[in-house]
>>> print(open('target07.cif').read())   # mmCIF, C-alpha atoms
data_upload
loop_
_atom_site.label_atom_id
_atom_site.label_comp_id
_atom_site.auth_asym_id
_atom_site.auth_seq_id
_atom_site.Cartn_x
_atom_site.Cartn_y
_atom_site.Cartn_z
CA MET A 1 2.02 3.50 45.89
CA CYS A 2 4.28 1.86 43.34
CA PRO A 3 2.53 -0.05 40.57
CA ASP A 4 2.98 -3.83 40.20
CA LYS A 5 6.32 -4.63 38.55
CA ARG A 6 4.48 -6.84 36.07
CA ASP A 7 2.60 -3.78 34.91
CA LEU A 8 5.88 -1.95 34.48
CA SER A 9 6.96 -4.81 32.24
CA ALA A 10 3.73 -4.44 30.28
CA PHE A 11 4.35 -0.71 30.18
CA VAL A 12 7.70 -1.33 28.50
CA ASP A 13 5.92 -3.52 25.93
CA LEU A 14 3.32 -0.80 25.22
CA GLU A 15 0.58 -3.14 26.32
CA LEU A 16 -1.17 -0.80 28.77
CA SER A 17 -4.16 1.40 28.13
CA THR A 18 -3.63 5.14 27.64
CA PHE A 19 -5.07 5.77 31.08
CA ALA A 20 -2.67 3.33 32.78
CA VAL A 21 0.26 4.74 30.80
CA GLU A 22 -0.52 8.27 31.98
CA LYS A 23 -0.76 7.09 35.58
CA ILE A 24 2.63 5.41 35.42
CA ASN A 25 4.25 8.37 33.66
CA SER A 26 3.12 10.72 36.36
CA HIS A 27 4.24 8.26 39.06
CA ILE A 28 7.76 7.70 37.80
CA GLU A 29 8.37 11.45 37.70
CA ASN A 30 8.74 11.17 41.43
CA CYS A 31 9.78 7.52 41.90
CA GLU A 32 13.44 6.64 41.35
CA SER A 33 12.94 2.97 42.18
CA CYS A 34 10.26 2.50 39.53
CA ARG A 35 12.31 4.47 37.01
CA SER A 36 15.33 2.20 37.52
CA GLU A 37 13.10 -0.88 37.39
CA ILE A 38 11.77 0.25 34.02
CA GLU A 39 15.31 0.93 32.87
CA SER A 40 16.42 -2.56 33.91
CA LEU A 41 13.46 -4.16 32.14
CA LYS A 42 14.22 -2.22 28.97
CA ASN A 43 17.87 -3.31 29.08
CA THR A 44 16.95 -6.96 29.53
CA ALA A 45 14.49 -6.79 26.65
CA ALA A 46 17.12 -5.15 24.45
CA PHE A 47 19.65 -7.81 25.42
CA ILE A 48 17.30 -10.60 24.34
CA ARG A 49 16.43 -8.81 21.14
CA GLY A 50 20.13 -8.53 20.40
CA GLY A 51 20.22 -12.27 19.88
CA ARG A 52 17.80 -11.99 16.98
CA ILE A 53 18.85 -13.56 13.71
CA ALA A 54 18.38 -10.62 11.41
CA ASP A 55 19.98 -12.03 8.27
CA THR A 56 17.41 -14.68 7.31
CA ALA A 57 17.40 -14.01 3.56
CA GLU A 58 19.75 -16.81 2.58
CA THR A 59 17.95 -19.46 4.62
CA GLU A 60 14.61 -18.11 3.48
CA GLY A 61 15.62 -18.42 -0.17
CA ARG A 62 17.00 -21.92 0.27
CA VAL A 63 13.85 -23.25 1.92
CA TRP A 64 11.69 -21.51 -0.69
CA MET A 65 13.57 -23.36 -3.46
CA LYS A 66 12.67 -26.64 -1.81
CA LEU A 67 9.04 -25.69 -1.23
CA ARG A 68 8.15 -24.38 -4.65
CA HIS A 69 8.34 -27.85 -6.19
CA TYR A 70 6.41 -29.48 -3.40
CA THR A 71 3.09 -31.05 -4.30
CA PRO A 72 0.98 -32.25 -1.42
CA HIS A 73 0.30 -36.01 -1.36
CA GLY A 74 -3.05 -37.08 -2.70
CA LYS A 75 -4.40 -33.58 -2.81
CA SER A 76 -6.50 -32.58 -5.75
CA ARG A 77 -7.71 -29.13 -6.58
CA PHE A 78 -10.98 -30.42 -7.91
CA PHE A 79 -12.17 -32.80 -5.29
CA HIS A 80 -10.95 -33.82 -1.94
CA LEU A 81 -11.62 -37.48 -2.38
CA ARG A 82 -8.67 -39.77 -2.52
CA ILE A 83 -9.48 -43.17 -3.98
CA THR A 84 -7.12 -45.96 -3.20
CA LEU A 85 -7.54 -49.51 -4.41
CA PRO A 86 -5.76 -52.49 -2.95
CA ALA A 87 -3.15 -53.94 -5.33
CA PRO A 88 -4.70 -57.45 -5.52
CA LEU A 89 -8.01 -55.95 -6.58
CA VAL A 90 -6.37 -53.94 -9.33
CA LEU A 91 -4.53 -57.06 -10.46
CA ALA A 92 -7.74 -59.10 -10.51
CA MET A 93 -9.49 -56.37 -12.51
CA ALA A 94 -6.65 -56.28 -15.03
CA VAL A 95 -6.71 -60.07 -15.48
CA PHE A 96 -10.49 -60.01 -15.88
CA ILE A 97 -10.33 -57.31 -18.52
CA ILE A 98 -7.61 -59.17 -20.39
CA PHE A 99 -9.62 -62.39 -20.44
CA LEU A 100 -12.79 -60.55 -21.43
CA SER A 101 -11.17 -58.85 -24.38
CA ALA A 102 -9.42 -62.05 -25.42
CA GLY A 103 -12.71 -63.89 -25.31
CA LEU A 104 -14.45 -61.23 -27.36
CA LEU A 105 -11.68 -61.24 -29.94
CA PHE A 106 -11.87 -65.03 -30.05
CA THR A 107 -15.61 -65.13 -30.74
CA LEU A 108 -15.36 -62.44 -33.39
CA ARG A 109 -12.56 -64.23 -35.21
CA SER A 110 -14.24 -67.66 -34.95
CA ASN A 111 -16.95 -66.53 -37.35
CA ASP A 112 -14.37 -66.26 -40.08
CA ARG A 113 -12.81 -69.64 -39.42
CA HIS A 114 -16.07 -71.47 -39.79
CA PRO A 115 -17.56 -70.54 -43.10
CA VAL A 116 -21.25 -70.29 -43.53
CA ILE A 117 -22.58 -73.07 -45.67
CA SER A 118 -25.80 -72.41 -47.43
CA ILE A 119 -28.09 -75.35 -48.09
CA ASP A 120 -28.28 -74.18 -51.67
CA SER A 121 -24.60 -74.84 -52.15
CA ILE A 122 -24.82 -78.24 -50.44
CA VAL A 123 -27.66 -79.25 -52.69
CA SER A 124 -25.81 -78.09 -55.76
CA SER A 125 -22.49 -79.61 -54.73
CA SER A 126 -21.25 -83.00 -55.70
CA LEU A 127 -21.91 -84.43 -52.30
CA GLU A 128 -25.13 -86.12 -53.52
CA LEU A 129 -27.28 -85.22 -50.69
CA ASP A 130 -30.41 -84.98 -52.83
CA ASN A 131 -31.90 -88.22 -51.63
CA GLN A 132 -30.95 -87.96 -48.08
CA ASP A 133 -33.25 -86.71 -45.42
CA ILE A 134 -33.03 -83.77 -43.12
CA GLU A 135 -31.38 -85.78 -40.40
CA ALA A 136 -28.49 -86.80 -42.59
CA LEU A 137 -28.15 -83.22 -43.69
CA LEU A 138 -28.00 -82.03 -40.13
CA GLN A 139 -25.49 -84.78 -39.32
CA TYR A 140 -23.32 -83.57 -42.15
CA LEU A 141 -23.54 -80.01 -40.96
CA TYR A 142 -22.70 -81.01 -37.41
CA SER A 143 -19.66 -82.98 -38.46
CA SER A 144 -18.32 -80.12 -40.52
CA GLU A 145 -18.86 -77.76 -37.57
CA ALA A 146 -20.34 -75.28 -39.89
CA ALA A 147 -22.63 -72.52 -39.02
CA VAL A 148 -25.85 -72.99 -40.84
CA GLU A 149 -27.52 -70.36 -42.81
CA ILE A 150 -30.75 -71.75 -44.09
CA SER A 151 -32.40 -69.86 -46.85
CA ILE A 152 -35.70 -71.17 -48.09
CA PRO A 153 -36.50 -69.63 -51.42
CA LEU A 154 -40.22 -69.17 -51.69
CA PRO A 155 -41.84 -69.83 -55.04
CA GLY A 156 -42.39 -66.77 -57.08
CA GLU A 157 -46.00 -67.54 -57.68
CA PRO A 158 -48.34 -69.22 -55.25
CA LYS A 159 -49.07 -72.75 -56.34
CA PHE A 160 -52.28 -73.82 -54.79
CA ILE A 161 -53.40 -77.36 -55.34
CA PRO A 162 -57.14 -77.62 -55.18
CA MET A 163 -58.16 -80.27 -52.68
CA GLY A 164 -61.84 -79.76 -52.84
CA GLU A 165 -64.36 -77.25 -51.75
CA PRO A 166 -63.73 -75.81 -48.38
CA GLN A 167 -66.28 -76.88 -45.85
CA PHE A 168 -67.75 -74.48 -43.53
CA LEU A 169 -68.33 -76.20 -40.30
CA ARG A 170 -70.72 -74.78 -37.93
CA ALA A 171 -69.52 -74.62 -34.36
CA ALA A 172 -72.29 -76.95 -33.18
CA GLU A 173 -71.43 -79.61 -35.76
CA TYR A 174 -67.80 -79.37 -34.90
CA ARG A 175 -68.56 -80.11 -31.32
CA ARG A 176 -70.73 -83.05 -32.32
CA ASN A 177 -67.73 -84.59 -33.99
CA GLU A 178 -65.65 -84.51 -30.85
CA MET B 1 -8.53 -21.42 -12.81
CA ASN B 2 -5.03 -20.27 -13.60
CA GLU B 3 -5.78 -16.87 -12.14
CA LYS B 4 -6.94 -18.41 -8.91
CA GLY B 5 -3.83 -20.56 -8.87
CA ASN B 6 -1.64 -17.52 -9.28
CA GLU B 7 -3.55 -15.66 -6.61
CA GLU B 8 -3.10 -18.51 -4.17
CA LYS B 9 0.57 -18.76 -5.01
CA SER B 10 1.21 -15.08 -4.48
CA SER B 11 -0.67 -15.03 -1.18
CA PHE B 12 1.33 -18.03 0.00
CA LYS B 13 4.52 -16.18 -0.92
CA ASP B 14 3.35 -13.17 1.06
CA LEU B 15 2.64 -15.33 4.06
CA TYR B 16 5.96 -17.11 3.68
CA GLU B 17 7.96 -13.89 3.52
CA SER B 18 6.22 -12.29 6.48
CA VAL B 19 6.36 -15.33 8.74
CA PHE B 20 9.67 -17.00 7.89
CA PRO B 21 11.96 -14.73 9.98
CA ILE B 22 9.74 -15.30 13.01
CA LEU B 23 9.66 -19.08 12.55
CA LEU B 24 13.42 -19.26 12.11
CA ASN B 25 14.12 -17.15 15.20
CA VAL B 26 11.67 -19.07 17.36
CA SER B 27 12.97 -22.41 16.19
CA PHE B 28 16.62 -21.49 16.54
CA HIS B 29 16.22 -20.01 20.01
CA ILE B 30 14.45 -23.11 21.24
CA THR B 31 16.63 -25.76 19.62
CA GLY B 32 19.95 -23.90 19.43
CA ASP B 33 20.74 -25.52 16.09
CA MET B 34 20.58 -23.56 12.85
CA TYR B 35 20.42 -26.64 10.61
CA ILE B 36 17.58 -28.08 12.61
CA ALA B 37 15.82 -24.73 12.75
CA GLU B 38 15.94 -24.53 8.96
CA GLU B 39 14.63 -28.08 8.58
CA LEU B 40 11.83 -27.47 11.03
CA CYS B 41 10.79 -24.33 9.18
CA GLN B 42 10.59 -26.31 5.95
CA GLU B 43 8.58 -29.01 7.68
CA ALA B 44 6.18 -26.46 9.13
CA PHE B 45 5.45 -25.02 5.68
CA ILE B 46 5.01 -28.50 4.25
CA LYS B 47 2.46 -29.22 6.95
CA TYR B 48 0.75 -26.00 5.96
CA LEU B 49 0.68 -26.95 2.26
CA ASP B 50 -0.63 -30.42 3.13
CA ARG B 51 -3.69 -28.95 4.81
CA ILE B 52 -6.89 -29.62 2.92
CA TYR B 53 -8.88 -26.78 4.40
CA PRO B 54 -7.45 -23.31 3.93
CA PHE B 55 -7.41 -20.68 6.66
CA PRO B 56 -10.02 -17.92 6.72
CA SER B 57 -7.27 -15.29 6.92
CA MET B 58 -3.52 -14.84 6.62
CA VAL B 59 -3.41 -13.94 10.32
CA GLN B 60 -4.90 -17.31 11.28
CA ALA B 61 -2.37 -19.06 9.06
CA LYS B 62 0.45 -17.09 10.71
CA TYR B 63 -0.70 -18.05 14.23
CA TRP B 64 -1.03 -21.67 13.21
CA LEU B 65 2.48 -21.75 11.73
CA ILE B 66 4.00 -20.18 14.84
CA ARG B 67 2.19 -22.70 17.04
CA VAL B 68 3.43 -25.54 14.84
CA ILE B 69 7.06 -24.39 14.84
CA LYS B 70 6.97 -23.89 18.61
CA ASN B 71 5.67 -27.42 19.19
CA MET B 72 8.06 -29.01 16.71
CA SER B 73 11.02 -27.18 18.23
CA LEU B 74 10.10 -28.12 21.80
CA ASN B 75 9.59 -31.76 20.78
CA TYR B 76 12.94 -31.81 19.05
CA LYS B 77 14.62 -30.38 22.12
CA LYS B 78 13.00 -32.97 24.40
CA ARG B 79 14.04 -35.80 22.09
CA LYS B 80 17.57 -34.46 21.89
CA SER B 81 17.93 -34.20 25.65
CA ARG B 82 16.60 -37.77 26.09
CA GLU B 83 19.14 -39.02 23.54
CA LYS B 84 21.88 -37.07 25.27
CA ASN B 85 20.95 -38.58 28.63
CA ALA B 86 20.91 -42.07 27.15
CA PHE B 87 24.29 -41.47 25.54
CA GLU B 88 25.77 -40.32 28.81
CA LYS B 89 24.35 -43.34 30.60
CA VAL B 90 25.85 -45.74 28.09
CA PHE B 91 29.28 -44.21 27.95
CA LYS B 92 29.31 -43.13 31.60
CA GLN B 93 30.94 -39.86 30.82
CA GLN B 94 30.00 -36.30 30.65
CA GLU B 95 29.25 -35.47 27.07
CA VAL B 96 30.79 -32.21 26.00
CA SER B 97 27.87 -29.93 25.58
CA GLU B 98 27.81 -29.36 21.84
CA ARG B 99 25.20 -26.73 21.58
CA GLN B 100 26.60 -24.22 24.00
CA GLY B 101 28.37 -22.29 21.31
CA GLY B 102 31.05 -24.91 20.63
CA SER B 103 30.50 -26.36 17.18
CA ASP B 104 27.94 -23.77 16.31
CA ILE B 105 30.33 -20.89 16.66
CA ASP B 106 29.97 -20.30 12.93
CA PHE B 107 26.35 -19.58 13.36
CA PHE B 108 26.87 -17.00 15.98
CA LYS B 109 27.90 -14.05 13.97
CA HIS B 110 28.01 -11.96 17.07
CA GLU B 111 28.97 -12.99 20.53
CA ALA B 112 25.71 -11.49 21.69
CA GLU B 113 23.75 -14.27 19.97
CA ASN B 114 25.76 -16.86 21.82
CA MET B 115 25.27 -15.18 25.18
CA VAL B 116 21.57 -14.68 24.59
CA PHE B 117 21.05 -18.28 23.65
CA THR B 118 22.97 -19.46 26.71
CA ALA B 119 20.90 -17.19 28.95
CA LEU B 120 17.61 -18.29 27.40
CA GLU B 121 18.53 -21.93 27.86
CA LYS B 122 18.56 -21.39 31.60
CA LEU B 123 14.90 -20.38 31.64
CA PRO B 124 12.17 -22.91 32.34
CA GLU B 125 10.41 -23.95 29.14
CA LYS B 126 7.18 -21.99 29.66
CA LEU B 127 8.94 -18.72 30.36
CA ARG B 128 11.42 -19.28 27.57
CA THR B 129 8.70 -19.88 24.98
CA VAL B 130 6.84 -16.72 25.92
CA ILE B 131 9.86 -14.42 25.97
CA ILE B 132 11.07 -15.79 22.64
CA LEU B 133 7.68 -15.10 21.10
CA LYS B 134 7.62 -11.65 22.61
CA GLU B 135 11.08 -10.53 21.54
CA TYR B 136 11.44 -12.24 18.15
CA SER B 137 8.06 -11.62 16.64
CA ASP B 138 5.79 -8.61 16.35
CA LEU B 139 3.08 -10.29 18.39
CA SER B 140 1.16 -8.60 21.15
CA TYR B 141 0.37 -10.20 24.55
CA ARG B 142 -3.10 -10.91 23.24
CA GLU B 143 -1.84 -12.69 20.13
CA ILE B 144 0.71 -14.70 22.11
CA ALA B 145 -2.10 -15.68 24.48
CA ARG B 146 -4.15 -16.97 21.53
CA ILE B 147 -1.27 -18.91 20.07
CA LEU B 148 -0.35 -20.53 23.38
CA ASN B 149 -3.95 -20.88 24.52
CA ILE B 150 -3.36 -19.09 27.81
CA SER B 151 -4.73 -15.86 29.27
CA GLU B 152 -3.34 -12.45 28.41
CA ASN B 153 -2.53 -11.90 32.09
CA ASN B 154 -0.61 -15.15 32.09
CA VAL B 155 1.48 -13.89 29.18
CA LYS B 156 2.21 -10.66 31.04
CA VAL B 157 3.28 -12.55 34.16
CA ARG B 158 5.50 -14.97 32.27
CA VAL B 159 7.19 -12.18 30.31
CA PHE B 160 7.97 -10.38 33.54
CA ARG B 161 9.26 -13.52 35.29
CA ALA B 162 11.47 -14.35 32.32
CA ARG B 163 12.94 -10.87 32.31
CA SER B 164 13.43 -11.02 36.04
CA ILE B 165 15.46 -14.21 35.90
CA LEU B 166 17.41 -13.00 32.88
CA SER B 167 18.32 -9.71 34.49
CA ASP B 168 19.73 -11.62 37.47
CA LEU B 169 21.70 -13.86 35.10
CA ILE B 170 23.03 -10.84 33.27
CA LYS B 171 24.13 -9.25 36.52
CA GLU B 172 25.77 -12.52 37.59
CA GLU B 173 27.73 -12.89 34.36
CA ASP B 174 28.50 -9.22 34.46
CA ILE B 175 27.60 -8.95 30.80
CA HIS B 176 27.81 -5.56 29.28
CA VAL B 177 24.37 -4.66 28.14
CA SER B 178 24.05 -1.30 26.53
#
>>> encode(input="target07.cif", output="structure tokens")
Amino acid sequence: MCPDKRDLSAFVDLELSTFAVEKINSHIENCESCRSEIESLKNTAAFIRGGRIADTAETEGRVWMKLRHYTPHGKSRFFHLRITLPAPLVLAMAVFIIFLSAGLLFTLRSNDRHPVISIDSIVSSSLELDNQDIEALLQYLYSSEAAVEISIPLPGEPKFIPMGEPQFLRAAEYRRNE
Amino acid sequence: MNEKGNEEKSSFKDLYESVFPILLNVSFHITGDMYIAEELCQEAFIKYLDRIYPFPSMVQAKYWLIRVIKNMSLNYKKRKSREKNAFEKVFKQQEVSERQGGSDIDFFKHEAENMVFTALEKLPEKLRTVIILKEYSDLSYREIARILNISENNVKVRVFRARSILSDLIKEEDIHVS
């Protein structure tokens, strides 16, 4: 009983188990048809293999040159998260930051442009504000757009003016007066 | 970190060197075009480098690359034949078959390559793919089965059928096969 031709093909490819190989070997000793079939299969396989491109070195080198400088898109060695922001958002953020920093710079510099006027200096200046009241003083300050630094020098020694003996009111009396 | 980088680089080089000849042979014998085969090989490795998750072993990477090059080559061939059909329809003439050894004669260093390619072209796609993988790589039936996602028995049957048809073709053409 001749084995399946497909098994003879597998036999040629060394794909059969040792047991199956032995069986076929002993069979073909006495079977010309199977022997020639195996021969034909071997020849066909060799024919196909003859078309193999053996000299791949040049192509291999050329492609390698192109690959070695290749960096994958968006791939990071440290984390696999790729953050993308839409262009309008980035633009808006940039504008916001610019305005913020400009505003900060502006407020910082404005302190220098408006000098601090101390009430001491106003009083001692030739503006004759001595007789004017607080309201006029404030009006003056407002008109000059000055920042006000009010320093009230406290007297060195306490000057108490006696106004009489202090009266101790009892809680009950206090309520009586209400 | 640098050490790991170097390790990765050297293992990629190892993979590249072991797999490249297989990829080039598979791609060329499916598409029939050396330029295209080279480009497809480069593309396959780029796809590999673009992968975020690495393979558990070099063997897995090798199988994946072979599967990729097979698919890319078959897709290219389908696209090419559609374009060719469209071209013929528009110009209402038989287009001189360019890839039958005409303009590519430079690439066929030996006449055998030309004959083999011509013979392989006559096979149906499924048989052609399997026989190419069998004869141009060092893969076993089992490995081919895994790559193509078919049974081992299926691989055996297809290999036999391919050889069967080819041997008839060889006899027809009376090609000297020694």
>>> resolve_selection(input="target07.cif", expression="the PyMOL selection byres ((chain B) within 8 of (chain A))", output="number ranges by chain")
B: 17, 20-21, 24-25, 38, 41-42, 45-46, 49-50, 52, 112-117, 135-136, 140-141, 156-157, 159-160, 163-164, 166-167, 177-178
>>> atom_distance(input="target07.cif", atom1="atom CA of Ala61 of chain B", atom2="atom CA of Lys13 of chain B")
12.5 Å
>>> residues_around(input="target07.cif", residues="segment 62-69 of chain B", least_positions_apart="2", cutoff="7 Å", atoms="all atoms listed in the file", output="PyMOL selection string")
chain B and resi 19+23+27+40-41+44+58-60+71-73+147
>>> atom_distance(input="target07.cif", atom1="atom CA of Leu148 of chain B", atom2="atom CA of Leu127 of chain B")
11.8 Å
>>> resolve_selection(input="target07.cif", expression="the PyMOL selection byres ((chain B and resi 31) around 12)", output="PyMOL selection string")
chain B and resi 23-30+32-40+69-81+98-100+104+117-118+120-121+125+128-129+132
>>> atom_distance(input="target07.cif", atom1="atom CA of Ile24 of chain A", atom2="atom CA of Val12 of chain A")
10.9 Å
>>> closest_residue(input="target07.cif", among="A:Arg35, A:Leu89, A:Pro3, A:Gln139", to="Ala20 of chain A", atoms="only C-alpha atoms")
A:Pro3
>>> axis_aligned_box(input="target07.cif", around="segment 152-164 of chain B", padding_each_side="5 Å", output="lines of an AutoDock Vina configuration file")
center_x = 5.0
center_y = -12.8
center_z = 32.2
size_x = 26.8
size_y = 14.8
size_z = 17.6
>>> decode(input="target07.cif", residues="segment 28-78 of chain A", atoms="C-alpha atoms", output="CSV table (one decimal), in the first residue's frame")
chain,number,residue,atom,x,y,z
A,28,ILE,CA,10.4,2.7,-1.2
A,29,GLU,CA,13.0,-0.1,-1.2
A,30,ASN,CA,10.5,-2.1,-3.1
A,31,CYS,CA,8.3,0.6,-4.7
A,32,GLU,CA,9.6,2.2,-7.9
A,33,SER,CA,6.6,4.4,-8.4
A,34,CYS,CA,7.0,6.0,-4.9
A,35,ARG,CA,10.7,6.4,-5.4
A,36,SER,CA,10.2,8.3,-8.7
A,37,GLU,CA,7.5,10.4,-7.1
A,38,ILE,CA,9.9,11.4,-4.3
A,39,GLU,CA,12.5,12.1,-6.9
A,40,SER,CA,10.1,14.4,-8.9
A,41,LEU,CA,9.1,16.2,-5.7
A,42,LYS,CA,12.8,16.8,-4.8
A,43,ASN,CA,13.5,18.2,-8.3
A,44,THR,CA,10.5,20.5,-8.2
A,45,ALA,CA,11.6,21.8,-4.8
A,46,ALA,CA,15.1,22.3,-6.0
A,47,PHE,CA,13.9,24.2,-9.0
A,48,ILE,CA,11.9,26.6,-6.9
A,49,ARG,CA,14.8,27.1,-4.5
A,50,GLY,CA,17.0,27.9,-7.5
A,51,GLY,CA,15.0,31.1,-7.9
A,52,ARG,CA,16.2,32.3,-4.5
A,53,ILE,CA,17.8,35.7,-4.3
A,54,ALA,CA,21.0,34.8,-2.5
A,55,ASP,CA,22.9,38.1,-2.9
A,56,THR,CA,20.8,40.3,-0.5
A,57,ALA,CA,23.7,42.1,1.1
A,58,GLU,CA,23.6,45.2,-1.0
A,59,THR,CA,19.9,45.7,-0.6
A,60,GLU,CA,20.1,44.8,3.1
A,61,GLY,CA,22.8,47.5,3.6
A,62,ARG,CA,20.9,50.1,1.7
A,63,VAL,CA,17.7,49.6,3.7
A,64,TRP,CA,19.6,49.6,6.9
A,65,MET,CA,21.1,53.0,6.1
A,66,LYS,CA,17.6,54.4,5.8
A,67,LEU,CA,16.3,52.7,8.9
A,68,ARG,CA,19.0,53.7,11.3
A,69,HIS,CA,18.0,57.3,11.3
A,70,TYR,CA,14.3,56.5,11.7
A,71,THR,CA,12.6,57.8,14.8
A,72,PRO,CA,9.1,56.6,15.3
A,73,HIS,CA,6.4,59.3,15.4
A,74,GLY,CA,5.3,60.4,18.8
A,75,LYS,CA,7.0,57.6,20.5
A,76,SER,CA,8.7,58.3,23.8
A,77,ARG,CA,10.9,56.0,25.7
A,78,PHE,CA,9.7,57.3,29.0
